[in-house]
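Trainee: Have a look at this one.
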Amino acid sequence: MSEREGQTSYDVHAVEAKWLPVWERLDPFRASDDAVVSGEREKRYALTMFPYPSGDLHMGHAEVFALHDVIARYWRFRGYEVLNPMGWDSFGLPAENAAIRNDEHPATYTYANIDTQFHSMKRYATSVDWSRRLHTSDPEYYRWTQWLFLKLREQGMAYRKNSPVNWCPRDQTVLANEQVLADGTCERCGAEVTKRELTQWFFRTTAYAQELYDCLDDLQDSWIGKVVNAQRSWIGRSEGAHVTFDVDGHDPITVFTTRPDTLFGTTFMVVAVDAKLAEELVTDEQRAEFETYRDEIRKASDIDRLATDRPKTGVFLGVHATNPLTGERIPVWATDYVLADYGTGAVMGVPGGDQRDWEFATTMDLPIVRTTEPPADWDGEAFNGEGPAINSPADGVTSALDINGLSVAEAKAATIAHLESIGHGEGTVNFRLRDWLLSRQRYWGAPIPVIHCPVDGEVPVPEDQLPVELPELRGADLKPKGTSPLGAAEEWVNVTCPTCGGPAKRDTDTMDTFVDSSWYFFRYLSPHDDTQAFDSALAEAWGPIDLYIGGDEHAVLHLLYARFFTKVLRDAGLITWDEPFAAYLSQGKVINNGRKMSKSLGNGVDLGAQLDEFGVDAVRLTLVFASPPEDNIDWADMSPAGSLRFLQRAWRLSGDVESAPGADPAAGDAALRKVTHRTVREAEQLVEAYRFNVVVARTMELVNATRKAIDSGPGGADPAVREAAEVVARLLSLVAPYTAEEMWERLGHEPSVASASWPEVDESLLVEDTVTCVVQVQGKVRATLEVSPDATDEQLTELALAEPNVQRAIDGAEVRRVIVRAPKLVNVVV
RNA sequence: GCCGGGAUGGCGGAAUCGGCAGACGCGAUGGUCUCAAAAACCAUUGUCCGAAAGGGCGUGCGGGUUCAAGUCCCGCUCCCGGCACCA
C-alpha cells in the first residue's frame, strides 16, 4: 500500500452524497445573461434534446447527457459564459394512454415522472443551469406555443384545408408525413397508417423548402453528414420544367418533368387515378371503366401501392393532348403509378427514357421513341443516361426546335428556352416536402387557439385570453373515439365569438407535440417571462445554439421543424439568424448484446441499477470512453467495473502528492511536465473535435505517467507530480465530476473544480529535445534513431547508414536514393 | 434503384497532413501479496517461423499511383442509415 493515508479506494456513494449538497449551494452553472449581453464574456449555448417524461431516465439519456456535459464543462473552463439548460417535452400520448388505463389525469403521470427524472438528473451531475427548467405542458409554456401558432397564422404560415391525410387507427389521430415510416406504419406505435379525407391545420413548411434545402450546404461541415443527407432526401429538390399540353375540349394540363429534353419522345400522358384531374378529364364513354379501376385502386392498401415491382395498370380516359413541340396528338391515360400529390399529379409518358413509362407503354401497346442515343452495347430498355439527343423531330413530323446531337444538359436548356418562347412551359424546381400537418385529435397537447364562428368564420383567440387552458378531463373521457376528446367538454367548447359576441365553438384539436419542441430553445432564454415568448435581445446574444446533441430518430422530424420555426420567426422580425443549430452531433444508441434494448427481448439494462453498482462517474466514463459519440454502444462489450478501477487509480494520485498546493512546477521533473502539457494541448484539440473517447484515453495515459513518476521516478514530493495530478482532476471533471471534486479537495483546493481555471499550456514544454527517427529500407522499418529535432538531412543519412541492421538489410546493394523527412524519417532505396 | 456512411487483434476502439498499424481500455494468460479470495501490483498478449537475434505476413476483396498506402485513385463484396413507381 503505497498510498499515504492508507486508502486504496473511496466510497462511490459516500462521495456522491457528499458533493451534491455542496454543488447545490455553490450553483456554479448558472448562466449570466448580463455577461453575454454586455459582451463581457463570449457565449456558448450547449443544448441536448430534452427528454419526454416516460418513467425514469434510461441508458440513452445517460449517454447523451454525458457526452453533452463534456463540451459544456470544457467551454466553461475555457472562459465562455455557457448556457446549458434543461427541461421536459411533457405533452404527448404515453401520458394520455396511461391516464386512460389508470383513470387519472395525464398530468399526474407526467409530473410524477418529471420529478423522478429530475432527481436522477441531479444525481447524474451534469452542468445544467436549473433555474431555466421548463415543461412544455405548463400553461405558462403552452400559452406561448399558442401565441406562436397565431403569429405563424398571421404570417400566412398556418392554414386549414381539406385533404387526404394520414390516419393512425391505433392512436386515433392524424399524423404528419414525417411521422409515417417508409413502410407505411406509425412512427410512434407501429400501426399501419391509413388515409382519411379531413379538414386539418397545416404549417406551410413548403414555403421554406428552397431555403431549408439551400442552408444545408452551410451546415454540411458542422452537422453530422448522415443527418444533412437525410434532410436533403426528405426535402427532395429536383430541377426540371413545367410543360403545358393543350387538351381536346379541356383546359390545358401542366406536367412536371426533370427531362424536358425527352419531350419529343412523349407518346402518351398519364394522370394519377386518384387525382381530381382524372375525374374531370374522363369522357362519358370511358367513365364506367375508369370508375371501376379507380375503386379497385382505392381498396388496395398503401403498403401494396408502395411496391415498385407490380405490373403497370391503367385506363384510357378517352381524351387526347397535343405535344407542344410537334403538334402530335397523344392519348391521356389514368394510372396508379403517378402520385396525385407530387408535382401536378400528371406526367408526360416517355417510354424511351423512363423505365416505368417503358413498362406502361409495353403493357398498353403504346409507341416507343428514343430521344437519347444509348451506348452501342446498350441492352436495357428505357435509357436515361448521358448521350446525344436524337429524333428531334422524328421522321415525318415538324418542329421549330431541333436539338439533335446536343448533350442532355444542352438539350434540356434548349428545350426549356423554346417552351418559354412559345408559352408552353418554363424551367422550375419541384420539392418532395409537404406541408406539416399539425392538428391532433388527442387531449394532452396545446389546444389550437382558434374559435369557429358561424358568422365570422375562423377567429383567433385574442392574445390577452391566452393561454387557452385544457379543460379538466381524465380517465375514460380521454378514450380515443376518432374525434378530439376536447369536443366532449361542452362548457369549454362553447364560447362567444370574440368578434361578434355570438355563440361560437373552440377548435377542439390540439397541436402536434413537435410544435412544442420547435421553439423550446428560445424559451430557455427567458423561461419565466410572462410578457413575451422570448426576449429578442437575449436571442441575439445567446443564439444560435453552438452545439446540439440528440438522437438520429429526429434527423428529419424535430430538426426540420425547428429549422422551419426559426426561419419563420426570423421573417417575423423576432430574431436575425437563419439556422437554430450551428453544429449538430448525433449520439449512437445504447444496445445490449447486439440488439436494441426492449422489454420483449428482456435485455434491458436499468440505468439506476448500473448507477447503484458502479456509481455515476463510472457509468458516465464508460459511455464516453466506449466509442466516438455517433457510434452505437453495446453495453455487453463494456466494462463499467474497469472504468471504476481507473477512477480509483486516478483518485489515488491525489493522495500521493506530497508537495504543498502552489508548489512551483517549474522546479519539477521535466519529462513528466512535458507529458502533462502535451496532454492538455491534445485534450483541447480533441474536445473541440468532439473526440471525447480519445480525451479519456489521453487522460488515462497521463494517469499512468504520473503513477510511474511517483513509484519509480522523481517521487510524490516532486512538484511536477502535483501539476500532473491537478491536470488529471480537471480533465477528469469533464466526465467524472465526483471523483474530480474529491481529488481537487485532497489536493488542497476549494470546491468546485468546475470553477477552477483551465491549465495553461507552457508552449516551451511542447518542444521535444529528442525525437524518434524511423529508418526504413525499401519502405520497411529496420531501425529507429533518437535524434535532435533539428538534425539535418545529411546527419540523419549518415546515422541511418551506420546502423548495422540497416546495412544488413541493404546487403551490399547499391544505394540509389535516400529520402529524408527530417527529423522523423529516413527511407533508403536500393 | 438513387444518395450518404462504414469494414482495423478475441472485444470496444487509436492512428484523417501519405511516413513505426494496433494508442488507451476490456478480456485472457502467467506471476507477486494472501490460509484463501477480492482488490492492488508486475509481466506477456495481431499472426506465422525461430531457443534467441531476427525475419515473413497483416487494416473486407482485386488492381493501380508512390521511395512509402489503413490513409490517395480505379473496380468489386458485404454491413448500416436515408429516400424511393417523386416523373
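Chain labels A, B, ... are given in the sequence in which chains occur in the C-alpha cells; within each chain residues are numbered consecutively from 1, and ligands are likewise numbered from 1 in the order shown.
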Check which residues of chain B sit at most 7 Å from chain A using only C-alpha atoms (C1' of nucleotides), and return one row each with the closest pair of atoms and their distance in Å to one decimal, ordered by chain and rising number, as CSV.
Mentor:
```
residue,atom,partner,partner_atom,distance
B:G4,C1',A:Lys226,CA,5.9
B:G5,C1',A:Lys226,CA,6.9
B:C11,C1',A:Asp637,CA,6.7
B:G12,C1',A:Ala626,CA,6.0
B:G13,C1',A:Ser627,CA,6.3
B:G19,C1',A:Leu825,CA,6.7
B:C20,C1',A:Val774,CA,6.4
B:C24,C1',A:Ala697,CA,4.5
B:C26,C1',A:Ser639,CA,6.4
B:C67,C1',A:Val829,CA,6.1
B:A68,C1',A:Gly779,CA,5.3
B:G82,C1',A:Ala230,CA,4.8
B:C83,C1',A:Ser233,CA,5.4
B:C85,C1',A:Tyr337,CA,5.0
B:C86,C1',A:Tyr342,CA,6.4
B:A87,C1',A:Thr257,CA,5.7
```
Trainee: Could you pull out the residues in region 590-829 of chain A that DSSP calls strand (DSSP E or B) from the backbone, as a ChimeraX atom specification?
Mentor: /A:590-592,595-596,633-634,771-777,780-787,817-821,825-829
Trainee: What's the separation between CA of Ala99 (chain A) and CA of Ala476 (chain A), in Å to one decimal place?
Mentor: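 If I compute the distance from CA of Ala99 (chain A) to CA of Ala476 (chain A), I get 8.5 Å.
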Trainee: Just the alpha helix (DSSP H) stuff from region 271-500 of chain A, please, per backbone DSSP, written as a PyMOL selection string.
Mentor: chain A and resi 276-281+284-299+302-306+355-364+408-421+490-493
Trainee: Need to verify the contact set: region 45-56 of chain A, 7 Å, only C-alpha atoms (C1' of nucleotides), exclusion of same-chain residues closer than 5 positions in sequence. Can you return it as a ChimeraX atom specification?
Mentor: /A:68,72,82-90,110,113-114,116-117,542,545-550
Trainee: Which distance in Å separates CA of Glu794 (chain A) and CA of Ala671 (chain A), to one decimal?
Mentor: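 So the two atoms, CA of Glu794 (chain A) and CA of Ala671 (chain A), lie 28.7 Å apart.
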Trainee: Using only C-alpha atoms (C1' of nucleotides), which residues sit within 8 Å of Val319 (chain A) once same-chain residues fewer than 6 positions away are excluded, as JSON, numbers by chain?
Mentor: {"A": [247, 248, 281, 282, 283, 331, 332]}
Trainee: In Å, with one decimal, what is the gap from CA of Phe614 (chain A) to CA of Met59 (chain A)?
Mentor: 13.9 Å
Trainee: Can you pull out the residues contacting U8 (chain B)? Cut-off 9 Å, using only C-alpha atoms (C1' of nucleotides), and skip same-chain residues under 6 positions away; I want them as a ChimeraX atom specification.
Mentor: /B:21-22,59,70
Trainee: Restricting it to all heavy atoms, dump the selection as an mmCIF file, in the first residue's frame.
Mentor:
```
data_model
loop_
_atom_site.group_PDB
_atom_site.id
_atom_site.type_symbol
_atom_site.label_atom_id
_atom_site.label_comp_id
_atom_site.auth_asym_id
_atom_site.auth_seq_id
_atom_site.Cartn_x
_atom_site.Cartn_y
_atom_site.Cartn_z
ATOM 1 P P A B 21 4.891 0.158 -39.455
ATOM 2 O OP1 A B 21 5.392 -1.214 -39.247
ATOM 3 O OP2 A B 21 5.043 0.854 -40.741
ATOM 4 O "O5'" A B 21 3.338 0.209 -39.107
ATOM 5 C "C5'" A B 21 2.889 -0.365 -37.907
ATOM 6 C "C4'" A B 21 1.672 0.390 -37.432
ATOM 7 O "O4'" A B 21 0.622 0.258 -38.419
ATOM 8 C "C3'" A B 21 1.099 -0.164 -36.151
ATOM 9 O "O3'" A B 21 1.687 0.520 -35.059
ATOM 10 C "C2'" A B 21 -0.374 0.142 -36.284
ATOM 11 O "O2'" A B 21 -0.667 1.475 -35.941
ATOM 12 C "C1'" A B 21 -0.603 -0.031 -37.784
ATOM 13 N N9 A B 21 -1.003 -1.369 -38.213
ATOM 14 C C8 A B 21 -0.279 -2.270 -38.956
ATOM 15 N N7 A B 21 -0.922 -3.375 -39.233
ATOM 16 C C5 A B 21 -2.151 -3.190 -38.633
ATOM 17 C C6 A B 21 -3.303 -4.008 -38.567
ATOM 18 N N6 A B 21 -3.383 -5.197 -39.141
ATOM 19 N N1 A B 21 -4.356 -3.523 -37.869
ATOM 20 C C2 A B 21 -4.271 -2.313 -37.304
ATOM 21 N N3 A B 21 -3.251 -1.453 -37.309
ATOM 22 C C4 A B 21 -2.222 -1.962 -37.996
ATOM 23 P P G B 22 1.968 -0.214 -33.692
ATOM 24 O OP1 G B 22 2.615 0.754 -32.808
ATOM 25 O OP2 G B 22 2.592 -1.521 -33.973
ATOM 26 O "O5'" G B 22 0.512 -0.503 -33.129
ATOM 27 C "C5'" G B 22 -0.396 0.573 -32.872
ATOM 28 C "C4'" G B 22 -1.743 -0.020 -32.575
ATOM 29 O "O4'" G B 22 -2.174 -0.783 -33.701
ATOM 30 C "C3'" G B 22 -1.721 -0.999 -31.413
ATOM 31 O "O3'" G B 22 -2.037 -0.271 -30.248
ATOM 32 C "C2'" G B 22 -2.810 -2.013 -31.754
ATOM 33 O "O2'" G B 22 -4.034 -1.712 -31.142
ATOM 34 C "C1'" G B 22 -2.974 -1.854 -33.278
ATOM 35 N N9 G B 22 -2.582 -3.048 -34.020
ATOM 36 C C8 G B 22 -1.329 -3.468 -34.351
ATOM 37 N N7 G B 22 -1.336 -4.574 -35.045
ATOM 38 C C5 G B 22 -2.680 -4.897 -35.165
ATOM 39 C C6 G B 22 -3.305 -5.988 -35.804
ATOM 40 O O6 G B 22 -2.793 -6.926 -36.414
ATOM 41 N N1 G B 22 -4.683 -5.928 -35.679
ATOM 42 C C2 G B 22 -5.370 -4.940 -35.018
ATOM 43 N N2 G B 22 -6.694 -5.043 -35.011
ATOM 44 N N3 G B 22 -4.802 -3.912 -34.434
ATOM 45 C C4 G B 22 -3.464 -3.966 -34.543
ATOM 46 P P U B 59 -3.819 -5.899 -44.926
ATOM 47 O OP1 U B 59 -4.714 -6.149 -46.071
ATOM 48 O OP2 U B 59 -2.573 -5.125 -45.096
ATOM 49 O "O5'" U B 59 -4.664 -5.222 -43.765
ATOM 50 C "C5'" U B 59 -5.758 -5.919 -43.161
ATOM 51 C "C4'" U B 59 -6.681 -4.923 -42.506
ATOM 52 O "O4'" U B 59 -5.913 -4.127 -41.580
ATOM 53 C "C3'" U B 59 -7.341 -3.948 -43.477
ATOM 54 O "O3'" U B 59 -8.677 -3.745 -43.049
ATOM 55 C "C2'" U B 59 -6.541 -2.682 -43.301
ATOM 56 O "O2'" U B 59 -7.280 -1.524 -43.537
ATOM 57 C "C1'" U B 59 -6.173 -2.759 -41.812
ATOM 58 N N1 U B 59 -4.976 -1.990 -41.490
ATOM 59 C C2 U B 59 -5.128 -0.877 -40.676
ATOM 60 O O2 U B 59 -6.204 -0.547 -40.221
ATOM 61 N N3 U B 59 -3.992 -0.182 -40.434
ATOM 62 C C4 U B 59 -2.729 -0.471 -40.897
ATOM 63 O O4 U B 59 -1.791 0.244 -40.580
ATOM 64 C C5 U B 59 -2.651 -1.631 -41.740
ATOM 65 C C6 U B 59 -3.760 -2.338 -42.002
ATOM 66 P P G B 70 -0.972 0.442 -45.385
ATOM 67 O OP1 G B 70 -0.042 1.150 -44.509
ATOM 68 O OP2 G B 70 -0.698 -0.968 -45.765
ATOM 69 O "O5'" G B 70 -2.422 0.486 -44.743
ATOM 70 C "C5'" G B 70 -3.489 -0.213 -45.365
ATOM 71 C "C4'" G B 70 -4.803 0.335 -44.897
ATOM 72 O "O4'" G B 70 -4.739 0.551 -43.470
ATOM 73 C "C3'" G B 70 -5.157 1.695 -45.481
ATOM 74 O "O3'" G B 70 -5.814 1.549 -46.700
ATOM 75 C "C2'" G B 70 -6.078 2.271 -44.419
ATOM 76 O "O2'" G B 70 -7.385 1.752 -44.545
ATOM 77 C "C1'" G B 70 -5.455 1.715 -43.125
ATOM 78 N N9 G B 70 -4.540 2.671 -42.504
ATOM 79 C C8 G B 70 -3.176 2.651 -42.508
ATOM 80 N N7 G B 70 -2.657 3.650 -41.857
ATOM 81 C C5 G B 70 -3.739 4.364 -41.384
ATOM 82 C C6 G B 70 -3.799 5.540 -40.609
ATOM 83 O O6 G B 70 -2.867 6.213 -40.164
ATOM 84 N N1 G B 70 -5.107 5.924 -40.366
ATOM 85 C C2 G B 70 -6.230 5.251 -40.796
ATOM 86 N N2 G B 70 -7.396 5.775 -40.467
ATOM 87 N N3 G B 70 -6.184 4.148 -41.527
ATOM 88 C C4 G B 70 -4.921 3.765 -41.776
#
```
Trainee: Name the residues in contact with Leu198 (chain A) at a cut-off of 8 Å, using only C-alpha atoms (C1' of nucleotides), excluding same-chain residues fewer than 4 positions from it; report them as an mmCIF file with N, CA and C atoms, in the first residue's frame.
Mentor:
```cif
data_model
loop_
_atom_site.group_PDB
_atom_site.id
_atom_site.type_symbol
_atom_site.label_atom_id
_atom_site.label_comp_id
_atom_site.auth_asym_id
_atom_site.auth_seq_id
_atom_site.Cartn_x
_atom_site.Cartn_y
_atom_site.Cartn_z
ATOM 1 N N LYS A 161 -57.003 23.176 -44.303
ATOM 2 C CA LYS A 161 -57.506 22.717 -45.598
ATOM 3 C C LYS A 161 -58.036 21.301 -45.475
ATOM 4 N N ASN A 162 -58.891 20.979 -46.445
ATOM 5 C CA ASN A 162 -59.437 19.636 -46.521
ATOM 6 C C ASN A 162 -58.588 18.840 -47.493
ATOM 7 N N SER A 163 -58.110 17.687 -47.045
ATOM 8 C CA SER A 163 -57.294 16.866 -47.942
ATOM 9 C C SER A 163 -57.192 15.461 -47.381
ATOM 10 N N PRO A 164 -56.720 14.513 -48.206
ATOM 11 C CA PRO A 164 -56.492 13.176 -47.673
ATOM 12 C C PRO A 164 -55.281 13.246 -46.738
ATOM 13 N N VAL A 165 -55.466 12.737 -45.530
ATOM 14 C CA VAL A 165 -54.374 12.824 -44.558
ATOM 15 C C VAL A 165 -54.079 11.460 -43.959
#
```
Trainee: Go through B:C61, B:C42, B:A51, B:C78 one by one, measure the shortest atom-to-atom distance of each to G30 (chain B) using only C-alpha atoms (C1' of nucleotides), and give the residue with the smallest value.
Mentor: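 Using only C-alpha atoms (C1' of nucleotides), G30 (chain B) sits closest to B:C42.
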